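Undergrad: Contents of start_9.cif (mmCIF, C-alpha atoms and all ligand atoms) are below:
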```cif
data_entry
#
loop_
_atom_site.label_atom_id
_atom_site.label_comp_id
_atom_site.auth_asym_id
_atom_site.auth_seq_id
_atom_site.Cartn_x
_atom_site.Cartn_y
_atom_site.Cartn_z
CA MET A 1 8.25 -1.36 -32.07
CA ALA A 2 5.28 -3.67 -31.61
CA GLU A 3 7.53 -5.95 -29.59
CA GLN A 4 8.60 -3.12 -27.28
CA LEU A 5 4.99 -2.09 -26.78
CA PHE A 6 4.08 -5.65 -25.95
CA TYR A 7 6.93 -5.79 -23.44
CA PHE A 8 5.83 -2.55 -21.87
CA LEU A 9 2.08 -3.02 -21.78
CA ILE A 10 1.45 -6.72 -21.39
CA PHE A 11 4.34 -9.01 -20.57
CA PRO A 12 6.39 -8.48 -18.44
CA GLY A 13 5.40 -4.85 -18.04
CA LEU A 14 2.21 -3.22 -16.90
CA LEU A 15 -0.39 -6.00 -16.99
CA PHE A 16 1.70 -8.96 -15.85
CA ALA A 17 3.52 -7.05 -13.10
CA ALA A 18 0.28 -5.53 -11.86
CA ILE A 19 -1.48 -8.91 -11.67
CA VAL A 20 1.40 -10.63 -9.90
CA GLY A 21 1.81 -7.61 -7.63
CA GLY A 22 -1.90 -7.70 -6.82
CA LEU A 23 -1.67 -11.35 -5.86
CA LEU A 24 1.39 -10.62 -3.73
CA SER A 25 -0.45 -7.83 -2.00
CA TRP A 26 -3.27 -10.29 -1.22
CA TYR A 27 -0.60 -12.63 0.18
CA ASP A 28 0.72 -9.76 2.30
CA ARG A 29 -2.73 -9.00 3.68
CA LYS A 30 -3.47 -12.67 4.30
CA ILE A 31 -0.21 -13.16 6.24
CA THR A 32 -0.98 -10.01 8.21
CA ALA A 33 -4.38 -11.48 9.05
CA TRP A 34 -2.82 -14.76 10.13
CA VAL A 35 -0.29 -12.99 12.31
CA GLN A 36 -3.23 -11.31 14.04
CA PHE A 37 -5.24 -14.58 14.21
CA ARG A 38 -7.78 -13.33 11.67
CA LYS A 39 -9.06 -14.95 8.53
CA GLY A 40 -8.13 -12.27 6.04
CA PRO A 41 -9.55 -11.11 2.71
CA PRO A 42 -10.49 -13.32 -0.25
CA LEU A 43 -7.98 -14.04 -3.03
CA PHE A 44 -9.13 -11.44 -5.53
CA GLN A 45 -9.49 -8.66 -2.99
CA PRO A 46 -6.78 -6.36 -4.47
CA PHE A 47 -8.47 -6.59 -7.87
CA TYR A 48 -11.89 -5.82 -6.42
CA ASP A 49 -10.37 -2.78 -4.72
CA PHE A 50 -8.72 -1.65 -7.93
CA LEU A 51 -11.79 -2.18 -10.13
CA LYS A 52 -14.06 -0.51 -7.63
CA LEU A 53 -11.87 2.58 -7.55
CA LEU A 54 -11.51 2.56 -11.33
CA LEU A 55 -15.09 1.88 -12.40
CA VAL A 56 -17.43 2.88 -9.62
CA LYS A 57 -16.07 5.74 -7.59
CA GLU A 58 -16.29 9.40 -8.43
CA THR A 59 -13.07 11.36 -8.94
CA ILE A 60 -12.90 14.52 -6.90
CA LEU A 61 -10.50 17.28 -7.87
CA PRO A 62 -9.14 19.62 -5.21
CA LYS A 63 -10.55 23.11 -5.38
CA HIS A 64 -7.38 24.90 -4.33
CA GLY A 65 -4.59 23.18 -6.12
CA SER A 66 -3.18 22.46 -9.50
CA LYS A 67 -5.55 19.96 -11.07
CA GLY A 68 -3.47 18.96 -14.09
CA VAL A 69 -0.44 18.01 -12.03
CA PHE A 70 -2.67 16.29 -9.49
CA LEU A 71 -4.08 14.04 -12.21
CA ALA A 72 -0.83 13.53 -14.11
CA ALA A 73 1.19 12.37 -11.10
CA PRO A 74 -0.46 8.92 -10.73
CA VAL A 75 -0.07 8.29 -14.47
CA PHE A 76 3.64 8.99 -14.24
CA ALA A 77 3.85 6.75 -11.18
CA VAL A 78 2.41 3.84 -13.16
CA PHE A 79 4.69 4.54 -16.12
CA GLY A 80 7.79 4.79 -13.95
CA ALA A 81 6.98 1.62 -12.08
CA SER A 82 6.21 -0.38 -15.21
CA ILE A 83 9.29 0.80 -17.13
CA ALA A 84 11.42 -0.17 -14.15
CA GLY A 85 9.49 -3.45 -14.12
CA VAL A 86 10.32 -4.11 -17.76
CA PHE A 87 14.02 -3.46 -17.24
CA ILE A 88 14.09 -5.69 -14.16
CA LEU A 89 11.93 -8.52 -15.44
CA LEU A 90 13.30 -8.89 -18.98
CA PRO A 91 16.72 -10.14 -17.82
CA LEU A 92 15.24 -11.88 -14.80
CA LEU A 93 12.78 -13.97 -16.81
CA GLY A 94 15.47 -14.61 -19.43
CA ILE A 95 13.61 -12.93 -22.29
CA GLU A 96 16.24 -10.39 -23.26
CA THR A 97 19.64 -9.56 -21.89
CA GLY A 98 19.15 -5.86 -21.27
CA PHE A 99 22.02 -3.45 -21.84
CA LYS A 100 25.21 -2.40 -20.11
CA GLY A 101 24.59 -0.09 -17.18
CA ASP A 102 20.93 -0.93 -16.76
CA ILE A 103 21.33 -1.20 -12.97
CA ILE A 104 21.91 2.54 -12.83
CA VAL A 105 18.87 3.18 -15.02
CA ILE A 106 16.71 0.92 -12.86
CA PHE A 107 17.95 2.69 -9.75
CA TYR A 108 16.69 6.02 -11.07
CA LEU A 109 13.45 4.62 -12.45
CA LEU A 110 12.61 3.09 -9.09
CA THR A 111 12.54 6.53 -7.48
CA ILE A 112 9.96 7.86 -9.95
CA PRO A 113 6.85 6.54 -8.14
CA SER A 114 7.88 8.10 -4.80
CA LEU A 115 8.73 11.38 -6.52
CA THR A 116 5.40 11.52 -8.30
CA TYR A 117 3.55 10.82 -5.06
CA ILE A 118 5.27 13.88 -3.59
CA ILE A 119 4.41 16.00 -6.61
CA GLY A 120 0.78 14.85 -6.56
CA ALA A 121 0.51 15.46 -2.83
CA LEU A 122 1.90 18.97 -3.09
CA ALA A 123 -0.36 19.73 -6.05
CA SER A 124 -3.45 18.81 -4.05
CA GLY A 125 -3.08 21.84 -1.82
CA ASN A 126 -4.01 19.90 1.30
CA PRO A 127 -1.86 20.76 4.34
CA LEU A 128 -1.81 17.16 5.59
CA ALA A 129 -0.70 16.01 2.16
CA ALA A 130 2.08 18.59 2.31
CA VAL A 131 3.23 17.16 5.64
CA GLY A 132 3.17 13.69 4.10
CA GLY A 133 5.06 14.94 1.05
CA SER A 134 7.79 16.50 3.12
CA ARG A 135 8.14 13.31 5.14
CA GLU A 136 8.38 11.23 1.99
CA MET A 137 11.05 13.61 0.70
CA LYS A 138 13.12 13.21 3.85
CA LEU A 139 12.67 9.48 3.66
CA ILE A 140 13.91 9.40 0.06
CA LEU A 141 16.94 11.49 1.01
CA SER A 142 17.81 9.07 3.77
CA TYR A 143 17.36 5.69 2.06
CA GLU A 144 18.58 6.60 -1.41
CA LEU A 145 22.24 6.84 -0.35
CA THR A 146 21.94 3.49 1.41
CA PHE A 147 20.37 1.93 -1.66
CA LEU A 148 23.22 3.27 -3.80
CA LEU A 149 25.79 1.84 -1.37
CA VAL A 150 24.09 -1.55 -1.55
CA LEU A 151 24.24 -1.44 -5.34
CA ALA A 152 27.91 -0.43 -5.10
CA GLY A 153 28.57 -3.43 -2.88
CA ILE A 154 26.83 -5.75 -5.32
CA ILE A 155 28.72 -4.27 -8.27
CA GLN A 156 31.96 -4.80 -6.41
CA LYS A 157 31.05 -8.40 -5.63
CA ALA A 158 30.27 -8.95 -9.28
CA GLY A 159 33.71 -7.74 -10.33
CA MET A 160 32.73 -4.22 -11.44
CA THR A 161 30.10 -5.19 -13.94
CA ILE A 162 27.08 -2.91 -14.14
CA SER A 163 24.84 -5.10 -16.25
CA PHE A 164 21.94 -6.75 -14.46
CA ASN A 165 22.03 -9.75 -16.75
CA GLU A 166 25.75 -10.39 -16.17
CA ILE A 167 25.23 -10.21 -12.41
CA ILE A 168 22.51 -12.84 -12.64
CA SER A 169 24.54 -15.15 -14.87
CA LEU A 170 27.61 -14.73 -12.63
CA GLN A 171 25.52 -16.00 -9.75
CA THR A 172 24.18 -18.98 -11.66
CA ILE A 173 27.80 -20.01 -12.23
CA ASN A 174 29.36 -19.17 -8.85
CA GLY A 175 26.40 -19.44 -6.51
CA ALA A 176 24.26 -16.68 -5.07
CA PHE A 177 25.93 -13.62 -3.52
CA ALA A 178 23.73 -14.02 -0.45
CA GLY A 179 25.81 -17.08 0.44
CA SER A 180 28.69 -14.97 1.80
CA ILE A 181 28.90 -12.75 4.89
CA SER A 182 28.95 -9.52 2.92
CA GLY A 183 26.09 -10.83 0.80
CA ILE A 184 23.95 -11.45 3.88
CA LEU A 185 24.68 -7.94 5.19
CA LEU A 186 23.73 -6.45 1.83
CA PHE A 187 20.57 -8.57 1.81
CA ILE A 188 19.50 -7.20 5.20
CA VAL A 189 20.15 -3.60 4.20
CA PHE A 190 18.35 -4.13 0.90
CA ILE A 191 15.28 -5.49 2.70
CA PHE A 192 15.07 -2.36 4.83
CA CYS A 193 15.51 -0.15 1.76
CA ILE A 194 12.58 -1.95 0.11
CA GLN A 195 10.56 -1.45 3.26
CA ALA A 196 11.16 2.29 3.09
CA LYS A 197 10.62 2.45 -0.67
CA LEU A 198 7.24 0.76 -0.34
CA ALA A 199 6.41 2.96 2.66
CA LEU A 200 5.52 -0.02 4.82
CA VAL A 201 5.59 0.08 8.62
CA PRO A 202 8.01 1.01 10.32
CA PHE A 203 8.69 3.56 7.58
CA ASP A 204 5.11 4.45 6.65
CA MET A 205 5.15 7.97 8.05
CA PRO A 206 4.33 9.59 4.69
CA GLU A 207 0.98 7.78 4.79
CA ALA A 208 0.52 7.55 8.53
CA GLU A 209 -3.23 7.08 8.57
CA THR A 210 -3.64 7.62 12.28
CA GLU A 211 -1.86 10.96 12.51
CA ILE A 212 -2.17 12.65 9.13
CA SER A 213 -4.99 10.52 7.65
CA GLU A 214 -3.12 8.85 4.79
CA GLY A 215 -0.88 11.87 4.19
CA ILE A 216 0.21 11.96 0.57
CA MET A 217 -2.84 9.99 -0.58
CA ILE A 218 -5.39 12.01 1.34
CA GLU A 219 -6.98 13.87 -1.60
CA TYR A 220 -6.95 11.03 -4.12
CA SER A 221 -10.18 9.28 -4.96
CA GLY A 222 -11.58 7.23 -7.81
CA THR A 223 -9.49 6.60 -10.92
CA PRO A 224 -6.29 8.43 -9.88
CA TYR A 225 -6.24 6.48 -6.65
CA ALA A 226 -6.71 3.28 -8.64
CA MET A 227 -3.60 4.24 -10.65
CA ILE A 228 -1.67 4.77 -7.43
CA LYS A 229 -2.83 1.37 -6.19
CA MET A 230 -1.63 -0.16 -9.45
CA ALA A 231 1.78 1.51 -9.16
CA LYS A 232 2.00 0.15 -5.63
CA TYR A 233 1.12 -3.37 -6.73
CA ILE A 234 3.79 -3.22 -9.45
CA MET A 235 6.41 -1.94 -7.00
CA PHE A 236 5.43 -4.67 -4.58
CA PHE A 237 6.43 -7.26 -7.15
CA ILE A 238 9.45 -5.73 -8.87
CA LEU A 239 11.40 -4.65 -5.80
CA PRO A 240 11.56 -8.17 -4.31
CA ALA A 241 12.28 -9.46 -7.81
CA PHE A 242 15.16 -6.97 -8.13
CA LEU A 243 16.55 -8.12 -4.80
CA ILE A 244 16.37 -11.77 -5.86
CA GLY A 245 18.08 -10.96 -9.15
CA LEU A 246 20.89 -9.04 -7.52
CA LEU A 247 21.62 -11.17 -4.47
CA TRP A 248 19.82 -14.49 -4.64
CA GLY A 249 20.70 -15.92 -8.01
CA GLY A 250 17.73 -14.74 -10.04
CA LEU A 251 14.71 -16.75 -11.12
CA ASN A 252 14.64 -19.90 -13.16
CA PHE A 253 11.61 -21.17 -15.01
CA GLU A 254 12.66 -24.65 -16.13
CA GLY A 255 10.79 -27.63 -14.77
CA ILE A 256 10.72 -27.94 -11.01
CA ASN A 257 12.81 -24.77 -10.58
CA ILE A 258 9.70 -22.72 -11.18
CA LEU A 259 8.47 -23.74 -7.73
CA TRP A 260 11.75 -22.69 -6.16
CA SER A 261 11.58 -19.31 -7.92
CA ILE A 262 8.06 -18.66 -6.65
CA LEU A 263 9.09 -19.68 -3.15
CA LYS A 264 11.98 -17.20 -3.27
CA ILE A 265 9.62 -14.32 -4.08
CA LEU A 266 7.12 -15.43 -1.45
CA PHE A 267 9.91 -15.67 1.13
CA VAL A 268 11.13 -12.13 0.48
CA VAL A 269 7.58 -10.76 0.66
CA LEU A 270 7.04 -12.78 3.84
CA LEU A 271 10.08 -11.08 5.39
CA LEU A 272 8.70 -7.65 4.45
CA THR A 273 5.29 -8.54 5.86
CA LEU A 274 6.68 -9.86 9.12
CA ILE A 275 8.82 -6.75 9.61
CA ARG A 276 5.78 -4.60 8.96
CA ASN A 277 3.66 -6.55 11.42
CA THR A 278 6.07 -6.66 14.30
CA ASN A 279 7.23 -3.06 14.40
CA PRO A 280 5.68 0.26 15.34
CA ARG A 281 5.92 3.33 13.12
CA VAL A 282 9.11 5.27 13.85
CA LYS A 283 9.46 9.02 13.80
CA ILE A 284 10.96 10.57 10.67
CA LYS A 285 14.01 11.66 12.68
CA GLN A 286 14.60 8.12 13.85
CA ALA A 287 14.21 6.78 10.32
CA ILE A 288 16.79 9.23 8.98
CA ARG A 289 19.24 8.31 11.71
CA TYR A 290 18.54 4.63 11.17
CA PHE A 291 19.45 4.81 7.49
CA LEU A 292 22.18 7.45 7.55
CA VAL A 293 24.09 5.89 10.45
CA TRP A 294 23.29 2.23 10.93
CA MET A 295 22.27 1.01 7.51
CA ASN A 296 25.06 2.95 5.79
CA LEU A 297 27.52 1.51 8.29
CA LEU A 298 26.34 -2.03 7.54
CA ALA A 299 26.53 -1.40 3.81
CA ILE A 300 30.07 0.00 4.09
CA ILE A 301 31.16 -2.94 6.22
CA ALA A 302 29.73 -5.23 3.56
CA ILE A 303 31.64 -3.39 0.82
CA VAL A 304 34.90 -3.66 2.78
CA LEU A 305 34.28 -7.35 3.47
CA SER A 306 33.56 -8.03 -0.16
CA TYR A 307 36.80 -6.25 -1.06
CA PHE A 308 38.58 -8.95 0.93
CA GLY A 309 36.53 -11.59 -0.81
CA LEU A 310 34.40 -12.61 2.16
CA MET B 11 -26.14 -7.79 -10.18
CA GLY B 12 -23.82 -6.00 -12.56
CA PHE B 13 -20.05 -6.35 -12.52
CA LYS B 14 -19.54 -2.83 -11.20
CA GLU B 15 -21.91 -3.37 -8.32
CA PHE B 16 -20.28 -6.71 -7.57
CA CYS B 17 -16.83 -5.07 -7.27
CA PHE B 18 -18.28 -2.30 -5.16
CA LYS B 19 -19.92 -4.66 -2.73
CA LYS B 20 -16.82 -6.80 -2.51
CA SER B 21 -14.66 -3.92 -1.40
CA LEU B 22 -16.40 -1.53 0.96
CA TRP B 23 -14.04 0.82 2.73
CA LEU B 24 -15.33 2.23 5.97
CA PHE B 25 -14.89 5.70 7.36
CA HIS B 26 -15.90 6.22 10.93
CA PHE B 27 -17.49 9.46 12.10
CA GLY B 28 -18.15 9.63 15.83
CA GLY B 29 -20.49 12.42 16.85
CA ALA B 30 -21.07 13.38 20.46
CA SER B 31 -21.24 9.77 21.49
CA CYS B 32 -20.63 8.20 24.87
CA ASN B 33 -17.78 6.35 23.12
CA ASN B 34 -19.33 2.95 23.55
CA CYS B 35 -20.47 2.59 19.97
CA ASP B 36 -17.00 3.60 18.74
CA ILE B 37 -15.50 0.75 20.70
CA GLU B 38 -18.06 -1.72 19.37
CA ILE B 39 -17.27 -0.61 15.80
CA LEU B 40 -13.58 -1.21 16.41
CA ASP B 41 -14.53 -4.61 17.81
CA CYS B 42 -15.71 -5.61 14.36
CA LEU B 43 -12.13 -5.29 13.09
CA THR B 44 -10.67 -7.54 15.79
CA PRO B 45 -9.79 -11.21 15.24
CA ARG B 46 -13.09 -12.54 16.54
CA TYR B 47 -15.31 -10.68 14.08
CA ASP B 48 -12.82 -9.63 11.35
CA VAL B 49 -14.77 -7.68 8.73
CA GLU B 50 -11.74 -7.81 6.41
CA ARG B 51 -13.15 -11.21 5.40
CA PHE B 52 -15.73 -9.27 3.41
CA GLY B 53 -13.09 -6.94 1.99
CA MET B 54 -13.85 -4.11 4.39
CA LEU B 55 -11.11 -1.84 5.57
CA LEU B 56 -11.07 1.11 7.90
CA VAL B 57 -9.62 4.04 5.95
CA GLY B 58 -8.27 7.30 7.28
CA SER B 59 -9.51 9.72 4.62
CA ILE B 60 -13.10 10.35 3.56
CA ARG B 61 -11.94 10.51 -0.07
CA HIS B 62 -11.34 6.76 -0.01
CA ALA B 63 -14.53 5.83 1.81
CA ASP B 64 -17.47 3.83 0.46
CA VAL B 65 -19.37 3.59 3.70
CA LEU B 66 -19.76 6.38 6.22
CA LEU B 67 -20.43 4.96 9.67
CA VAL B 68 -22.08 7.55 11.91
CA ASN B 69 -22.61 6.95 15.57
CA GLY B 70 -23.39 9.09 18.56
CA SER B 71 -25.82 11.94 18.89
CA ILE B 72 -25.33 14.73 16.38
CA ASN B 73 -25.21 18.10 18.12
CA GLN B 74 -25.13 21.62 16.69
CA ARG B 75 -21.40 21.53 16.11
CA ASP B 76 -21.30 18.06 14.59
CA LYS B 77 -24.06 18.88 12.15
CA SER B 78 -22.06 21.12 9.84
CA ARG B 79 -19.10 18.77 9.99
CA LEU B 80 -21.18 15.75 9.11
CA LEU B 81 -22.70 17.62 6.18
CA GLU B 82 -19.27 18.71 4.99
CA LEU B 83 -17.93 15.16 5.26
CA TYR B 84 -20.88 13.84 3.29
CA GLU B 85 -20.28 16.39 0.56
CA GLN B 86 -16.56 15.61 0.43
CA ALA B 87 -17.12 11.89 0.00
CA PRO B 88 -16.83 10.50 -3.54
CA LYS B 89 -20.18 9.10 -4.64
CA PRO B 90 -21.62 6.46 -4.45
CA ILE B 91 -21.44 6.47 -0.68
CA LEU B 92 -23.53 4.46 1.77
CA VAL B 93 -24.38 5.88 5.16
CA VAL B 94 -24.96 3.65 8.17
CA ALA B 95 -26.37 5.06 11.40
CA ILE B 96 -25.13 3.02 14.34
CA GLY B 97 -26.61 2.91 17.83
CA ALA B 98 -29.73 4.36 19.33
CA CYS B 99 -28.15 7.80 19.22
CA GLY B 100 -27.47 7.61 15.50
CA CYS B 101 -30.90 6.21 14.66
CA THR B 102 -33.17 8.35 16.79
CA GLY B 103 -31.17 10.41 19.24
CA GLY B 104 -31.44 7.89 22.05
CA ILE B 105 -30.91 9.30 25.50
CA PHE B 106 -29.67 12.59 24.06
CA ALA B 107 -32.81 13.26 22.01
CA GLU B 108 -34.20 15.75 24.51
CA GLY B 109 -30.94 17.64 24.99
CA ASN B 110 -30.89 21.27 23.97
CA THR B 111 -27.76 20.96 21.81
CA PHE B 112 -29.18 18.02 19.90
CA ALA B 113 -29.47 18.73 16.17
CA GLY B 114 -31.55 15.83 15.00
CA PRO B 115 -30.84 12.18 14.27
CA VAL B 116 -28.55 11.40 11.34
CA ASP B 117 -31.33 10.88 8.80
CA LYS B 118 -32.52 14.45 9.25
CA ILE B 119 -29.14 15.71 8.04
CA ILE B 120 -28.01 13.22 5.40
CA PRO B 121 -29.72 10.27 3.70
CA VAL B 122 -29.17 7.01 5.59
CA ASP B 123 -29.04 3.57 3.95
CA ALA B 124 -29.07 1.34 7.01
CA TYR B 125 -29.91 1.67 10.68
CA ILE B 126 -28.31 -0.50 13.32
CA PRO B 127 -30.11 0.08 16.64
CA GLY B 128 -28.81 -0.88 20.06
CA CYS B 129 -27.16 0.93 22.92
CA PRO B 130 -24.51 -0.02 21.96
CA PRO B 131 -25.27 -2.60 19.23
CA LYS B 132 -23.30 -5.80 19.65
CA PRO B 133 -20.63 -6.47 17.02
CA GLU B 134 -22.86 -9.32 15.84
CA ALA B 135 -25.64 -6.82 15.27
CA ILE B 136 -23.30 -4.53 13.33
CA LEU B 137 -22.20 -7.46 11.17
CA ALA B 138 -25.83 -8.44 10.60
CA GLY B 139 -26.58 -4.87 9.56
CA ILE B 140 -23.68 -4.88 7.14
CA VAL B 141 -24.82 -8.15 5.63
CA LYS B 142 -28.28 -6.71 5.16
CA LEU B 143 -26.72 -3.68 3.50
CA LEU B 144 -24.78 -5.94 1.14
CA ASN B 145 -27.92 -7.85 0.15
CA LYS B 146 -29.97 -4.74 -0.38
S1 LIG A 401 -26.21 4.54 21.26
FE1 LIG A 401 -25.79 4.18 23.40
S2 LIG A 401 -23.73 3.32 23.41
FE2 LIG A 401 -24.03 4.28 21.43
S3 LIG A 401 -23.19 6.33 21.64
FE3 LIG A 401 -25.39 6.45 22.08
S4 LIG A 401 -25.53 6.24 24.29
FE4 LIG A 401 -23.48 5.53 23.69
#
```
How does the structure come out when it is put into structure tokens?

TA:
Amino acid sequence: MAEQLFYFLIFPGLLFAAIVGGLLSWYDRKITAWVQFRKGPPLFQPFYDFLKLLLVKETILPKHGSKGVFLAAPVFAVFGASIAGVFILLPLLGIETGFKGDIIVIFYLLTIPSLTYIIGALASGNPLAAVGGSREMKLILSYELTFLLVLAGIIQKAGMTISFNEIISLQTINGAFAGSISGILLFIVFIFCIQAKLALVPFDMPEAETEISEGIMIEYSGTPYAMIKMAKYIMFFILPAFLIGLLWGGLNFEGINILWSILKILFVVLLLTLIRNTNPRVKIKQAIRYFLVWMNLLAIIAIVLSYFGL
Amino acid sequence: MGFKEFCFKKSLWLFHFGGASCNNCDIEILDCLTPRYDVERFGMLLVGSIRHADVLLVNGSINQRDKSRLLELYEQAPKPILVVAIGACGCTGGIFAEGNTFAGPVDKIIPVDAYIPGCPPKPEAILAGIVKLLNK
């Protein structure tokens, strides 16, 4: 029991994932600044933001709205993200092997943060938050099928095994899945799914700050917003880590390989950042079409190709 | 300086309220976010919702209609919040001070922590004002 709690709260769960995610989010902001020829924020900026929200700022509750749900939603977001983080990181860091079928569990756990954002937004009673919530809902409906298809493709490539650990060890023996044509297609689709899951540009319409002033986050302030930030930091680390585990041979922490593992994560985050910096926000209709038609098509092509062993 | 205050000063999020301005000050404020001046170096971000704001930037003359909105915004902001009046209009009323819709400079309506005069103030002046605010 103590061991499980340690896994959940400190390593590799809540604390570790949040710290690494915070550093990655600094990296994301720094790259963004460089792309725009700026200097960018200092290294500990995400932590200053988090601590400021947690310790200094007042928490305001909406007058018309359900206060309990409004406050509970961010807590559930952090829990969902860190449980998903534990299930992803335990096999990835080689601490424990996980269990059979954990990919399916992770898939469902990864949707919890987005769902709780919707619930919190709708509980706030703000009309702009409701618009953001409905957009997020449509976004989930469109990318979730694609995400499932990608997982199906990976499971097929791994010879119908649904254990995360076995998929990683298969790749250490036979080489990474991303080395084949179908693997590359799955990698591309996965990247766009992450982009939508993290609500980064071009799929940031739930939080579009210029049209609906931060949408689903509009009413959050103080501690609950700090929790949301934390959930976002965690997601920002575990989703790229999940991608690397599934398609790019996992992480390895022996000797010089540690550098290579860190570079892998930084590369995936770099891709996300560059996509977010070079694209405009699309309309929700376009996003739905993009996922339901084009991304699903790519994923299905990848599944067919992997059936023929390509 | 306590730890809390340190974190607060390291991460000021700005919310921009433009009253009945001639739009010049608004542009100069946005200039501070551009590559040349880049206030994100100091951890400042422009946010879209007053609930996330730490600094309320007010520019332009405040007329009868703006007055109630500015008050409402100030009340909706989570405390502690710093208010900065930007431009001659924000500080004193500037060229609009004699107008019959004018409802008083910003400090008559809400407490102001820093004044940045100029018509419009240069981005350098805005940065200097922010630095003074940070050292206060
Ligand atoms: S201070 Fe000058 S530049 Fe600024 S809004 Fe007023 S008139 Fe325009």

Undergrad: With ligand LIG 401 (chain A) as the partner and 10 Å as the cut-off, tabulate the residues of chain B that qualify, each row holding the nearest pair of atoms and their distance in Å to one decimal, using all atoms listed in the file, sorted by chain and rising number, as a Markdown table.

TA:
```
| residue | atom | partner | partner_atom | distance |
| --- | --- | --- | --- | --- |
| B:Gly28 | CA | A:LIG401 | S3 | 8.4 |
| B:Gly29 | CA | A:LIG401 | S3 | 8.2 |
| B:Ala30 | CA | A:LIG401 | S3 | 7.5 |
| B:Ser31 | CA | A:LIG401 | S3 | 4.0 |
| B:Cys32 | CA | A:LIG401 | FE4 | 4.1 |
| B:Asn33 | CA | A:LIG401 | S3 | 5.6 |
| B:Asn34 | CA | A:LIG401 | S2 | 4.4 |
| B:Cys35 | CA | A:LIG401 | FE2 | 4.2 |
| B:Asp36 | CA | A:LIG401 | S3 | 7.4 |
| B:Ile37 | CA | A:LIG401 | S2 | 9.0 |
| B:Glu38 | CA | A:LIG401 | S2 | 8.6 |
| B:Val68 | CA | A:LIG401 | S3 | 9.9 |
| B:Asn69 | CA | A:LIG401 | S3 | 6.1 |
| B:Gly70 | CA | A:LIG401 | S3 | 4.1 |
| B:Ser71 | CA | A:LIG401 | FE3 | 6.4 |
| B:Ala95 | CA | A:LIG401 | S1 | 9.9 |
| B:Ile96 | CA | A:LIG401 | S1 | 7.2 |
| B:Gly97 | CA | A:LIG401 | S1 | 3.8 |
| B:Ala98 | CA | A:LIG401 | S1 | 4.0 |
| B:Cys99 | CA | A:LIG401 | FE3 | 4.2 |
| B:Gly100 | CA | A:LIG401 | S1 | 6.6 |
| B:Cys101 | CA | A:LIG401 | S1 | 8.3 |
| B:Thr102 | CA | A:LIG401 | S1 | 9.1 |
| B:Gly103 | CA | A:LIG401 | FE3 | 7.6 |
| B:Gly104 | CA | A:LIG401 | FE3 | 6.2 |
| B:Ile105 | CA | A:LIG401 | S4 | 6.3 |
| B:Phe106 | CA | A:LIG401 | S4 | 7.6 |
| B:Ile126 | CA | A:LIG401 | S1 | 9.6 |
| B:Pro127 | CA | A:LIG401 | S1 | 7.5 |
| B:Gly128 | CA | A:LIG401 | S1 | 6.1 |
| B:Cys129 | CA | A:LIG401 | FE1 | 3.6 |
| B:Pro130 | CA | A:LIG401 | S2 | 3.7 |
| B:Pro131 | CA | A:LIG401 | FE2 | 7.3 |
| B:Lys132 | CA | A:LIG401 | S2 | 9.9 |
```

Undergrad: Which residue gives the smallest distance to Pro12 (chain A) among A:Ile238, A:Met205, A:Ile228, A:Ile112, with all atoms listed in the file counted?

TA: A:Ile238

Undergrad: Quick one: pull the distance between CA of Phe11 (chain A) and CA of Gly222 (chain A), Å, one decimal.

TA: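 Distance between the two atoms: 26.1 Å.
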
Undergrad: Which value, in Å to one decimal, gives the distance between CA of Trp260 (chain A) and CA of Ala241 (chain A)?

TA: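 Interatomic distance, CA of Trp260 (chain A) to CA of Ala241 (chain A): 13.3 Å.
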
Undergrad: Go through region 180-285 of chain A residue by residue and, counting only C-alpha atoms, keep those with an atom at most 12 Å from region 70-76 of chain A; for each kept residue give the shortest atom pair and its distance in Å to one decimal, ordered by chain and increasing number, as a tab-separated table.

TA:
```
residue	atom	partner	partner_atom	distance
A:Ile216	CA	A:Phe70	CA	11.3
A:Met217	CA	A:Pro74	CA	10.5
A:Ile218	CA	A:Phe70	CA	12.0
A:Glu219	CA	A:Phe70	CA	9.3
A:Tyr220	CA	A:Phe70	CA	8.7
A:Ser221	CA	A:Leu71	CA	10.6
A:Gly222	CA	A:Leu71	CA	11.0
A:Thr223	CA	A:Leu71	CA	9.3
A:Pro224	CA	A:Pro74	CA	5.9
A:Tyr225	CA	A:Pro74	CA	7.5
A:Ala226	CA	A:Pro74	CA	8.7
A:Met227	CA	A:Pro74	CA	5.6
A:Ile228	CA	A:Pro74	CA	5.4
A:Lys229	CA	A:Pro74	CA	9.1
A:Met230	CA	A:Pro74	CA	9.2
A:Ala231	CA	A:Pro74	CA	7.9
A:Lys232	CA	A:Pro74	CA	10.4
```
